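Source file: data_26.txt (compact mmCIF, C-alpha atoms and all ligand atoms)
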```
# COMPACT_ATOMS: atom_id res chain seq x y z
CA VAL A 7 117.05 112.19 132.71
CA PRO A 8 117.94 108.64 131.64
CA THR A 9 115.43 106.01 132.62
CA PRO A 10 117.46 102.79 132.58
CA HIS A 11 114.91 100.89 134.67
CA LEU A 12 112.18 101.22 132.03
CA PRO A 13 111.87 98.65 129.23
CA LYS A 14 113.18 100.06 126.00
CA ALA A 15 110.78 100.54 123.11
CA THR A 16 111.90 100.28 119.50
CA LEU A 17 108.53 101.31 118.04
CA VAL A 18 105.48 102.97 119.51
CA ILE A 19 102.05 103.44 118.01
CA ARG A 20 100.34 106.33 119.68
CA HIS A 21 96.87 107.87 119.87
CA ALA A 22 95.23 104.69 118.63
CA HIS A 23 91.84 103.11 119.20
CA VAL A 24 93.41 99.82 120.24
CA ALA A 25 91.55 96.48 120.20
CA THR A 26 93.77 94.07 122.11
CA CYS A 27 91.65 90.97 121.38
CA ALA A 28 92.91 89.71 124.73
CA ALA A 29 89.71 90.06 126.76
CA GLY A 30 87.61 87.02 125.84
CA ALA A 31 85.44 85.82 122.96
CA SER A 32 82.90 88.65 123.01
CA ASP A 33 85.10 91.56 124.00
CA ALA A 34 87.57 93.17 121.59
CA GLY A 35 89.41 94.69 124.56
CA VAL A 36 89.12 98.25 123.28
CA LEU A 37 91.27 101.01 124.78
CA ALA A 38 90.55 104.53 123.53
CA ASP A 39 93.46 106.94 122.97
CA ALA A 40 95.90 104.17 123.72
CA ALA A 41 99.45 103.31 122.79
CA VAL A 42 101.27 100.08 121.94
CA ALA A 43 104.98 99.89 122.69
CA VAL A 44 107.04 97.32 120.82
CA SER A 45 110.41 96.06 122.00
CA GLY A 46 112.17 94.29 119.16
CA HIS A 47 109.70 91.74 117.79
CA LEU A 48 107.45 91.60 120.84
CA VAL A 49 104.72 93.71 122.34
CA GLY A 50 106.22 95.35 125.43
CA TRP A 51 103.37 97.43 126.78
CA VAL A 52 99.78 98.42 125.93
CA GLY A 53 97.90 101.13 127.81
CA PRO A 54 96.56 104.68 127.86
CA ASP A 55 98.63 107.01 125.69
CA GLY A 56 99.01 109.39 128.61
CA ALA A 57 100.79 106.70 130.63
CA LEU A 58 103.23 105.68 127.89
CA ALA A 59 106.15 107.95 128.79
CA ALA A 60 106.19 106.72 132.38
CA ALA A 61 105.96 103.06 131.35
CA VAL A 62 108.63 102.64 128.67
CA ASP A 63 111.90 104.23 127.62
CA LEU A 64 111.05 106.06 124.39
CA GLU A 65 114.60 107.19 123.61
CA GLY A 66 115.34 106.40 119.95
CA ALA A 67 112.02 104.62 119.38
CA GLU A 68 110.26 105.04 116.06
CA SER A 69 106.83 106.58 116.56
CA ILE A 70 103.64 106.22 114.53
CA ASP A 71 100.74 108.56 115.32
CA ALA A 72 97.57 106.59 114.54
CA GLY A 73 95.43 109.74 114.83
CA GLY A 74 92.59 107.90 116.55
CA ARG A 75 92.52 105.05 114.02
CA LEU A 76 91.81 101.46 114.95
CA VAL A 77 94.86 99.29 115.73
CA THR A 78 94.43 95.54 116.14
CA PRO A 79 96.57 92.41 116.17
CA GLY A 80 97.42 91.10 112.70
CA LEU A 81 94.72 88.75 111.44
CA VAL A 82 95.34 85.02 111.78
CA ASP A 83 93.94 83.17 108.77
CA SER A 84 93.71 79.64 110.14
CA HIS A 85 92.36 77.81 107.06
CA THR A 86 93.61 78.27 103.48
CA HIS A 87 94.60 76.17 100.48
CA LEU A 88 97.02 78.73 98.99
CA VAL A 89 99.10 76.32 96.89
CA PHE A 90 97.37 75.29 93.68
CA ALA A 91 97.39 75.88 89.93
CA GLY A 92 94.65 76.42 87.38
CA GLU A 93 91.32 78.10 87.78
CA ARG A 94 87.75 76.85 87.77
CA SER A 95 85.53 79.76 86.83
CA GLY A 96 83.79 77.45 84.34
CA GLU A 97 82.05 75.96 87.38
CA LEU A 98 79.88 79.10 87.45
CA VAL A 99 78.38 78.02 84.13
CA GLU A 100 77.91 74.44 85.40
CA ARG A 101 76.19 75.76 88.48
CA ALA A 102 73.89 77.99 86.45
CA ARG A 103 72.88 74.80 84.63
CA GLY A 104 71.86 73.29 87.93
CA ARG A 105 74.90 71.18 88.87
CA ASP A 106 75.97 71.68 92.48
CA TYR A 107 79.45 71.28 93.99
CA LEU A 108 79.15 67.54 94.59
CA ALA A 109 77.70 66.93 91.13
CA ILE A 110 80.54 68.85 89.48
CA ALA A 111 83.04 66.83 91.51
CA LYS A 112 81.40 63.58 90.45
CA VAL A 113 82.09 64.28 86.77
CA GLY A 114 85.78 65.05 87.35
CA GLY A 115 85.52 68.78 88.08
CA GLY A 116 86.05 70.32 91.49
CA ILE A 117 89.07 69.23 93.53
CA LEU A 118 90.18 66.73 90.86
CA ALA A 119 90.38 69.48 88.22
CA THR A 120 92.74 71.41 90.47
CA VAL A 121 94.75 68.25 91.17
CA ARG A 122 95.36 67.84 87.43
CA ALA A 123 96.35 71.49 86.89
CA THR A 124 98.60 71.42 89.96
CA ALA A 125 100.40 68.29 88.76
CA GLU A 126 101.23 70.04 85.49
CA ALA A 127 102.55 73.25 87.08
CA SER A 128 106.21 73.71 87.99
CA ASP A 129 107.28 74.23 91.60
CA ALA A 130 108.33 77.76 90.70
CA ALA A 131 104.92 78.58 89.22
CA LEU A 132 103.14 77.15 92.27
CA LEU A 133 105.33 79.19 94.60
CA GLU A 134 104.91 82.39 92.62
CA ALA A 135 101.11 82.08 92.55
CA ALA A 136 100.94 81.25 96.27
CA LEU A 137 103.18 84.20 97.08
CA ALA A 138 100.89 86.58 95.17
CA ARG A 139 97.87 85.23 97.08
CA ALA A 140 99.70 85.57 100.41
CA ARG A 141 100.60 89.18 99.63
CA ARG A 142 96.96 89.93 98.84
CA LEU A 143 96.12 88.51 102.28
CA LEU A 144 98.83 90.70 103.81
CA ALA A 145 97.20 93.74 102.22
CA GLN A 146 94.03 92.67 104.05
CA GLY A 147 95.86 92.66 107.39
CA VAL A 148 96.74 88.96 107.62
CA THR A 149 100.08 88.35 109.35
CA THR A 150 99.76 84.60 110.05
CA VAL A 151 98.42 82.11 107.54
CA GLU A 152 97.82 78.39 107.68
CA VAL A 153 98.43 76.66 104.33
CA LYS A 154 97.22 73.15 103.51
CA SER A 155 98.42 70.68 100.96
CA GLY A 156 95.68 68.48 99.49
CA TYR A 157 95.87 68.95 95.72
CA GLY A 158 98.47 66.20 95.29
CA LEU A 159 96.64 63.02 96.35
CA THR A 160 99.75 60.83 96.05
CA VAL A 161 102.58 60.52 98.53
CA GLU A 162 105.13 62.14 96.21
CA ARG A 163 102.83 64.95 95.11
CA GLU A 164 101.68 65.82 98.61
CA LEU A 165 105.30 65.93 99.75
CA ARG A 166 106.07 68.18 96.82
CA LEU A 167 103.24 70.58 97.72
CA LEU A 168 104.40 70.77 101.32
CA ARG A 169 107.92 71.53 100.11
CA VAL A 170 106.42 74.40 98.11
CA VAL A 171 104.70 75.53 101.32
CA ALA A 172 108.12 75.43 103.02
CA GLY A 173 109.44 77.59 100.17
CA LEU A 174 106.56 79.99 100.77
CA GLU A 175 107.45 80.09 104.46
CA ASP A 176 111.04 81.04 103.56
CA ALA A 177 110.03 83.64 100.99
CA LEU A 178 107.57 85.29 103.39
CA ARG A 179 109.62 84.96 106.56
CA SER A 180 109.83 88.67 107.37
CA GLU A 181 106.25 89.51 106.29
CA MET A 182 104.00 86.69 107.41
CA THR A 183 104.12 83.49 109.46
CA VAL A 184 103.18 80.38 107.48
CA VAL A 185 101.77 77.37 109.37
CA PRO A 186 101.79 74.21 107.19
CA THR A 187 99.11 71.51 107.36
CA LEU A 188 99.08 68.13 105.66
CA LEU A 189 95.60 67.76 104.18
CA ALA A 190 96.18 64.05 103.85
CA ALA A 191 92.67 62.98 102.90
CA HIS A 192 91.06 65.48 100.52
CA ALA A 193 89.67 63.34 97.67
CA VAL A 194 90.08 59.75 96.53
CA PRO A 195 91.82 59.74 93.12
CA PRO A 196 89.53 58.08 90.52
CA GLU A 197 92.10 55.38 89.75
CA ARG A 198 92.11 54.39 93.44
CA HIS A 199 88.34 54.08 93.89
CA ALA A 200 88.30 50.36 93.30
CA ASP A 201 90.71 49.87 96.15
CA ARG A 202 90.13 52.77 98.46
CA GLU A 203 90.97 50.68 101.51
CA ARG A 204 94.52 50.36 100.22
CA TYR A 205 94.60 54.10 99.41
CA VAL A 206 93.63 55.04 102.97
CA ARG A 207 96.22 52.61 104.32
CA GLU A 208 98.84 54.28 102.12
CA LEU A 209 97.89 57.70 103.53
CA CYS A 210 98.29 56.37 107.08
CA GLU A 211 101.35 54.21 106.62
CA GLU A 212 103.33 56.10 103.97
CA LEU A 213 102.20 59.70 103.53
CA VAL A 214 101.78 60.70 107.17
CA PRO A 215 105.12 59.19 108.36
CA ALA A 216 106.99 60.70 105.40
CA VAL A 217 105.61 64.20 106.11
CA ALA A 218 106.38 63.84 109.81
CA ALA A 219 109.92 62.60 109.11
CA GLU A 220 110.65 65.63 106.92
CA GLU A 221 108.90 67.93 109.45
CA LEU A 222 106.86 69.46 106.66
CA ALA A 223 103.65 70.05 108.65
CA THR A 224 102.43 70.57 112.18
CA SER A 225 98.84 69.38 111.66
CA CYS A 226 97.03 66.66 109.78
CA ASP A 227 93.64 67.32 108.20
CA ALA A 228 90.91 65.28 106.48
CA PHE A 229 87.72 66.05 104.54
CA ALA A 230 84.88 63.99 106.01
CA GLU A 231 81.99 64.33 103.57
CA GLN A 232 79.82 62.49 101.09
CA GLY A 233 81.93 61.98 97.99
CA ALA A 234 85.13 62.47 100.00
CA PHE A 235 86.05 60.36 103.07
CA SER A 236 83.87 58.46 105.55
CA LEU A 237 84.10 59.14 109.26
CA ASP A 238 85.95 55.90 109.75
CA GLU A 239 88.50 56.71 107.05
CA ALA A 240 89.00 60.24 108.40
CA ARG A 241 89.47 58.81 111.90
CA ARG A 242 92.20 56.44 110.72
CA VAL A 243 94.08 59.21 108.93
CA LEU A 244 93.87 61.63 111.85
CA GLU A 245 94.90 58.94 114.34
CA ALA A 246 97.91 58.15 112.17
CA GLY A 247 98.71 61.89 112.21
CA SER A 248 98.40 62.10 116.00
CA HIS A 249 100.68 59.10 116.32
CA HIS A 250 103.30 61.16 114.44
CA ARG A 251 102.66 64.31 116.48
CA LEU A 252 100.60 66.04 113.81
CA ALA A 253 97.68 67.80 115.50
CA PRO A 254 94.33 66.62 114.11
CA ARG A 255 91.96 69.00 112.28
CA LEU A 256 88.83 68.07 110.37
CA HIS A 257 86.72 69.49 107.52
CA ALA A 258 83.39 68.65 109.15
CA ASP A 259 79.68 68.90 108.37
CA GLN A 260 80.18 71.28 105.45
CA LEU A 261 77.74 70.05 102.80
CA THR A 262 75.78 67.52 104.85
CA CYS A 263 75.48 66.60 108.52
CA GLY A 264 77.68 63.52 108.66
CA GLY A 265 78.78 63.43 112.28
CA GLY A 266 82.11 65.15 111.58
CA ALA A 267 81.90 67.48 114.57
CA ARG A 268 81.23 64.53 116.86
CA LEU A 269 84.32 62.82 115.50
CA ALA A 270 86.35 66.01 115.95
CA GLY A 271 85.29 66.11 119.59
CA GLU A 272 86.07 62.45 120.12
CA LEU A 273 89.55 62.81 118.60
CA ARG A 274 90.09 66.08 120.47
CA CYS A 275 90.92 67.84 117.22
CA THR A 276 92.41 71.31 117.52
CA SER A 277 89.75 72.48 115.10
CA ALA A 278 86.64 71.43 113.23
CA ASP A 279 86.19 73.53 110.10
CA HIS A 280 83.16 74.62 108.02
CA LEU A 281 80.26 73.25 110.18
CA GLU A 282 77.36 74.67 108.15
CA HIS A 283 75.39 71.48 108.92
CA VAL A 284 76.58 70.75 112.46
CA ASP A 285 73.84 69.40 114.76
CA ASP A 286 73.30 69.83 118.50
CA ALA A 287 75.24 66.69 119.36
CA GLY A 288 78.14 67.96 117.26
CA ILE A 289 78.10 71.32 119.02
CA ALA A 290 78.09 69.61 122.41
CA ALA A 291 81.01 67.41 121.36
CA LEU A 292 83.05 70.43 120.24
CA ALA A 293 82.28 72.30 123.46
CA GLY A 294 83.15 69.32 125.62
CA ALA A 295 86.53 68.80 123.98
CA GLY A 296 87.55 72.47 123.56
CA VAL A 297 87.71 72.11 119.77
CA VAL A 298 87.89 75.43 117.91
CA ALA A 299 85.13 75.86 115.32
CA VAL A 300 86.75 77.46 112.27
CA LEU A 301 83.96 79.09 110.28
CA LEU A 302 84.43 79.94 106.61
CA PRO A 303 81.50 82.09 105.51
CA LEU A 304 83.10 83.11 102.21
CA SER A 305 82.73 79.47 101.11
CA THR A 306 79.14 79.24 102.29
CA LEU A 307 78.38 82.27 100.13
CA PHE A 308 80.53 81.06 97.23
CA LEU A 309 78.76 77.70 97.17
CA GLY A 310 75.33 79.24 97.68
CA LEU A 311 74.67 76.75 100.47
CA GLY A 312 71.87 78.93 101.81
CA ARG A 313 72.73 77.91 105.33
CA PHE A 314 75.56 79.49 107.28
CA ALA A 315 77.28 77.86 110.25
CA PRO A 316 75.38 78.41 113.51
CA ALA A 317 77.91 80.78 115.03
CA ARG A 318 75.59 82.05 117.77
CA ARG A 319 74.70 78.57 118.96
CA LEU A 320 78.38 77.59 118.93
CA LEU A 321 79.36 80.67 120.94
CA GLU A 322 76.50 80.18 123.39
CA ALA A 323 77.60 76.58 123.91
CA GLY A 324 81.08 77.85 124.80
CA VAL A 325 82.81 76.66 121.63
CA PRO A 326 85.74 78.90 120.66
CA VAL A 327 84.86 80.29 117.22
CA ALA A 328 87.50 81.29 114.68
CA LEU A 329 86.99 82.86 111.24
CA ALA A 330 89.17 82.25 108.20
CA THR A 331 89.09 82.94 104.47
CA ASN A 332 89.56 79.35 103.16
CA VAL A 333 91.24 80.78 100.04
CA ASN A 334 91.03 77.95 97.47
CA PRO A 335 90.27 77.57 93.77
CA GLY A 336 86.78 76.10 94.13
CA THR A 337 84.86 77.29 97.18
CA ALA A 338 86.52 80.62 98.06
CA MET A 339 88.47 82.15 95.20
CA THR A 340 89.06 85.36 97.13
CA GLU A 341 91.57 86.75 99.59
CA ASN A 342 89.04 89.15 101.04
CA ALA A 343 89.52 88.75 104.79
CA GLY A 344 87.52 91.93 105.38
CA LEU A 345 84.50 90.45 103.65
CA THR A 346 84.82 87.45 105.98
CA LEU A 347 84.39 89.80 108.95
CA SER A 348 81.37 91.39 107.27
CA LEU A 349 79.69 88.05 106.55
CA ALA A 350 80.35 86.96 110.13
CA CYS A 351 78.24 89.90 111.29
CA LEU A 352 75.69 90.03 108.48
CA ALA A 353 75.10 86.30 107.94
CA LEU A 354 76.37 84.50 111.04
CA GLY A 355 74.93 86.91 113.59
CA MET A 356 78.24 87.63 115.31
CA THR A 357 79.00 91.01 116.80
CA PRO A 358 81.92 92.97 115.28
CA ALA A 359 83.92 92.34 118.47
CA GLU A 360 83.26 88.58 118.30
CA ALA A 361 84.22 88.55 114.63
CA LEU A 362 87.48 90.38 115.25
CA VAL A 363 88.45 88.11 118.16
CA ALA A 364 87.54 85.12 115.98
CA PHE A 365 89.89 86.29 113.22
CA THR A 366 92.75 87.01 115.63
CA ALA A 367 93.05 85.33 119.05
CA SER A 368 90.80 82.36 118.24
CA GLY A 369 92.47 81.79 114.88
CA ALA A 370 95.77 81.62 116.75
CA ARG A 371 94.22 79.10 119.11
CA ALA A 372 93.12 76.92 116.19
CA LEU A 373 96.75 76.89 115.10
CA ARG A 374 98.07 76.35 118.65
CA ARG A 375 100.09 79.54 118.30
CA PRO A 376 99.00 81.72 121.24
CA GLU A 377 101.83 84.17 120.63
CA PHE A 378 99.80 85.57 117.74
CA GLY A 379 96.42 87.29 117.54
CA ARG A 380 96.56 89.38 120.74
CA LEU A 381 98.11 92.66 121.77
CA ALA A 382 99.46 91.82 125.19
CA ARG A 383 102.92 91.97 126.71
CA GLY A 384 105.10 89.16 125.35
CA CYS A 385 102.99 88.48 122.24
CA GLU A 386 104.48 88.85 118.77
CA ALA A 387 104.30 92.47 117.63
CA ASP A 388 102.06 91.85 114.62
CA LEU A 389 99.73 94.84 114.20
CA VAL A 390 97.46 96.50 111.71
CA VAL A 391 96.62 100.19 111.52
CA TRP A 392 93.16 100.39 109.91
CA GLY A 393 91.62 103.33 108.11
CA CYS A 394 88.68 103.56 110.48
CA ARG A 395 88.04 104.54 114.06
CA SER A 396 86.00 101.69 115.52
CA VAL A 397 85.79 97.89 115.53
CA GLU A 398 82.22 98.17 114.22
CA HIS A 399 83.17 100.14 111.12
CA LEU A 400 85.42 97.37 109.76
CA PRO A 401 82.62 94.90 108.90
CA TRP A 402 80.12 97.68 108.23
CA HIS A 403 82.04 99.25 105.35
CA MET A 404 81.87 96.01 103.42
CA GLY A 405 84.19 94.37 100.93
CA ILE A 406 86.74 97.14 100.50
CA PRO A 407 90.29 97.25 101.90
CA HIS A 408 90.85 99.05 105.19
CA ALA A 409 94.42 98.08 106.14
CA LEU A 410 96.66 101.17 105.92
CA GLN A 411 99.79 99.71 107.46
CA VAL A 412 100.80 96.23 108.58
CA ILE A 413 103.57 95.56 111.08
CA LYS A 414 105.11 92.10 111.42
CA ARG A 415 107.37 91.27 114.36
CA GLY A 416 107.84 94.97 115.04
CA ARG A 417 108.70 95.97 111.45
CA SER A 418 106.53 97.71 108.90
CA VAL A 419 105.94 95.25 106.03
CA TYR A 420 103.01 96.77 104.14
CA ARG A 421 101.66 100.23 103.49
CA ALA A 422 98.60 100.77 101.30
CA ALA A 423 99.24 102.93 98.25
CA PRO A 424 97.58 106.34 98.60
CA GLY A 425 93.86 105.92 98.07
CA ALA A 426 94.00 102.11 97.81
CA ALA A 427 92.41 101.54 101.23
CA ALA A 428 89.54 103.37 102.86
CA ASP A 429 90.67 105.94 105.42
CA CYS A 430 87.63 107.43 107.05
CA GLY A 431 85.59 107.46 110.21
CA GLY A 432 82.48 106.28 108.47
CA GLU A 433 81.60 109.54 106.81
CA ALA A 434 83.43 109.08 103.51
O1 LIG A 501 87.71 73.75 102.20
N1 LIG A 501 86.12 71.14 101.57
C1 LIG A 501 87.09 70.77 100.97
N2 LIG A 501 88.08 71.51 100.47
C2 LIG A 501 87.97 72.85 100.06
C3 LIG A 501 87.47 72.99 98.67
C4 LIG A 501 88.48 72.61 97.70
C5 LIG A 501 88.11 72.80 96.25
O2 LIG A 501 86.94 72.80 95.86
O3 LIG A 501 89.09 72.91 95.51
C6 LIG A 501 87.18 73.67 101.08
O4 LIG A 501 86.10 74.20 100.81
```

Rewrite the structure of this file - the entire thing - as structure tokens.
Ligand code: NIG
Amino acid sequence: VPTPHLPKATLVIRHAHVATCAAGASDAGVLADAAVAVSGHLVGWVGPDGALAAAVDLEGAESIDAGGRLVTPGLVDSHTHLVFAGERSGELVERARGRDYLAIAKVGGGILATVRATAEASDAALLEAALARARRLLAQGVTTVEVKSGYGLTVERELRLLRVVAGLEDALRSEMTVVPTLLAAHAVPPERHADRERYVRELCEELVPAVAAEELATSCDAFAEQGAFSLDEARRVLEAGSHHRLAPRLHADQLTCGGGARLAGELRCTSADHLEHVDDAGIAALAGAGVVAVLLPLSTLFLGLGRFAPARRLLEAGVPVALATNVNPGTAMTENAGLTLSLACLALGMTPAEALVAFTASGARALRRPEFGRLARGCEADLVVWGCRSVEHLPWHMGIPHALQVIKRGRSVYRAAPGAAADCGGEA
């Protein structure tokens, strides 16, 4: 009997342990033995498997039997620096000799080392390397990725990096959504130290308007930290961005407590990122202004900071908490999104459900892209079928790949090679 009145499905995922991530910060929205129906590139229906046939027209739809496995929205990685050249593993030796991140930066290592290597690389090489990193994220279940510039430090070079990001967006169009951010103020080039006032003015009056005119980014970011930019400088850059309709974001209170979170609240930033050293006043400012706290525990571990961001206090204060990888050449040389979820639970004290929501729906919120990160009618049909049967098992079985299949906008875009990802219920 034809059922013309029912919405037509093009793809259904059946018999899944679905986590919709659409039920609030602490609730993964789990539905046991559930189905997700996709119509074209959107989620059409989510509910009990037994109710599927009465809810959608299944005629001609492709069907995937998840066999009780966990199905979630695609991960939303809301903070990365994917476009760079060179590598800095020598910093491990420096660190073993007792030099920390700021000390290495002071003698021309750190961000400036990457700036030099990036300047020497061709556009094609930058794109190819970024593409490889993005595909490693995809294999971890990431379907939306934010990508910052920030290793250019001059107007021309920052524009060039954002054009590479645009190339990445084109190359990945069917697999992953790329959200570009101008990291306008990342480090002061050594040759501009003597006249940093003029450098900051150039960022505000030349770089930001040029990026906005070419529509190369949707957000503007700054690194407020000792050895980087002062609060006042960061404020000027972010205000210039806002003036050009670039949403403000801020690297805040990462290495020291410098009042970054308070500034993020005052400027009503969409996100404040890092926050290992945020204080109570900073937390209150974020909560009051609805700023998303983007936590990056891989970097905390990588830098050996010994102090992780206070995720529990942020959540209890009502701050939306997102998790991201922060892939970059100096403080998170890893695309391991799964390990981020594990650290969130093991080091930040988040529950597995909070961690999953943070890496999906709240990541999307940090990017102002609510169509991602949730499995609800009308959202983009970005899904991951994981090789486990509960939300808890994902962070528990630490540091190994779990994504079996990734679907972007209703189409399968990644399948793990046999044996490459774990596929177990916890017993193997
Ligand atoms: O997010 N904090 C500033 N920027 C990066 C590090 C960049 C680098 O060391 O190359 C971060 O951790």

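If you look at atom CA of Ala330 of chain A and atom CA of Val300 of chain A, they are 6.7 Å away from each other.
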
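Surrounding residues of (99.0, 58.6, 114.6) at most 12 Å away are A:Leu209, A:Cys210, A:Glu211, A:Glu212, A:Leu213, A:Val214, A:Pro215, A:Ala218, A:Ser225, A:Cys226, A:Ala240, A:Arg241, A:Arg242, A:Val243, A:Leu244, A:Glu245, A:Ala246, A:Gly247, A:Ser248, A:His249, A:His250, A:Arg251, A:Leu252, A:Ala253, A:Pro254, A:Leu273 (based on only C-alpha atoms).
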
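Using all atoms listed in the file, the nearest neighbour of ligand LIG 501 (chain A) within the list A:Ala426, A:Leu354, A:Ile117, A:Leu373 is A:Ile117.
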
Any chance you could tabulate, as a tab-separated table, the residues of chain A at most 8 Å from ligand LIG 501 (chain A) with each one's nearest atom pair and distance in Å to one decimal, using all atoms listed in the file, in chain and rising number order?
```
residue	atom	partner	partner_atom	distance
A:His85	CA	A:LIG501	O1	7.9
A:Thr86	CA	A:LIG501	O1	7.5
A:His87	CA	A:LIG501	C2	7.4
A:Tyr107	CA	A:LIG501	O2	7.9
A:Gly116	CA	A:LIG501	O2	5.1
A:Ile117	CA	A:LIG501	O3	4.2
A:Leu118	CA	A:LIG501	O3	7.8
A:Thr120	CA	A:LIG501	O3	6.4
A:Tyr157	CA	A:LIG501	O3	7.9
A:His192	CA	A:LIG501	C1	6.6
A:Phe229	CA	A:LIG501	C1	6.0
A:His257	CA	A:LIG501	N1	6.2
A:Gln260	CA	A:LIG501	N1	7.1
A:His280	CA	A:LIG501	O1	7.4
A:Ser305	CA	A:LIG501	O4	6.3
A:Asn332	CA	A:LIG501	O1	6.0
A:Asn334	CA	A:LIG501	O3	5.7
A:Pro335	CA	A:LIG501	O3	5.1
A:Gly336	CA	A:LIG501	O2	3.7
A:Thr337	CA	A:LIG501	O4	4.9
A:Ala338	CA	A:LIG501	O4	7.0
```

- Message: With distances taken over all atoms listed in the file, which residue among A:Leu329, A:Val44, A:Ala387, A:Ala57 lies nearest Val412 of chain A?
- Response: A:Ala387

- Residues at most 10 Å from Val171 of chain A, counting only C-alpha atoms, excluding those fewer than 4 positions away in the same chain, as a ChimeraX atom specification? /A:88-89,132-133,136-137,152-155,165-167,175-177,184-187,222-223

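Between Leu352 of chain A and the residues A:Val170, A:Met182, A:Met404, A:Ala28, the shortest atom-to-atom distance, using all atoms listed in the file, involves A:Met404.
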
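Residues with at least one atom no more than 10 Å from (89.4, 97.6, 100.7), using all atoms listed in the file, are Ala145, Gln146, Asn342, Ala343, Gly344, Leu345, Gly393, Leu400, His403, Met404, Gly405, Ile406, Pro407, His408, Ala409, Leu410, Ala422, Gly425, Ala426, Ala427, Ala428 and Asp429 of chain A.
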
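The residue that comes closest to Ala278 of chain A, out of A:Gly233, A:Gly312, A:Arg179, A:Ala228 and on the basis of all atoms listed in the file, is A:Ala228.
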
- Message: One decimal, in Å: what's the spacing between atom CA of Val297 of chain A and atom CA of Val49 of chain A?
- Response: 27.6 Å

- Query: Residues at most 10 Å from Val121 of chain A, counting only C-alpha atoms, excluding those fewer than 5 positions away in the same chain, as a PyMOL selection string?
  - Reply: chain A and resi 90-92+115-116+126+156-159+163+193+195
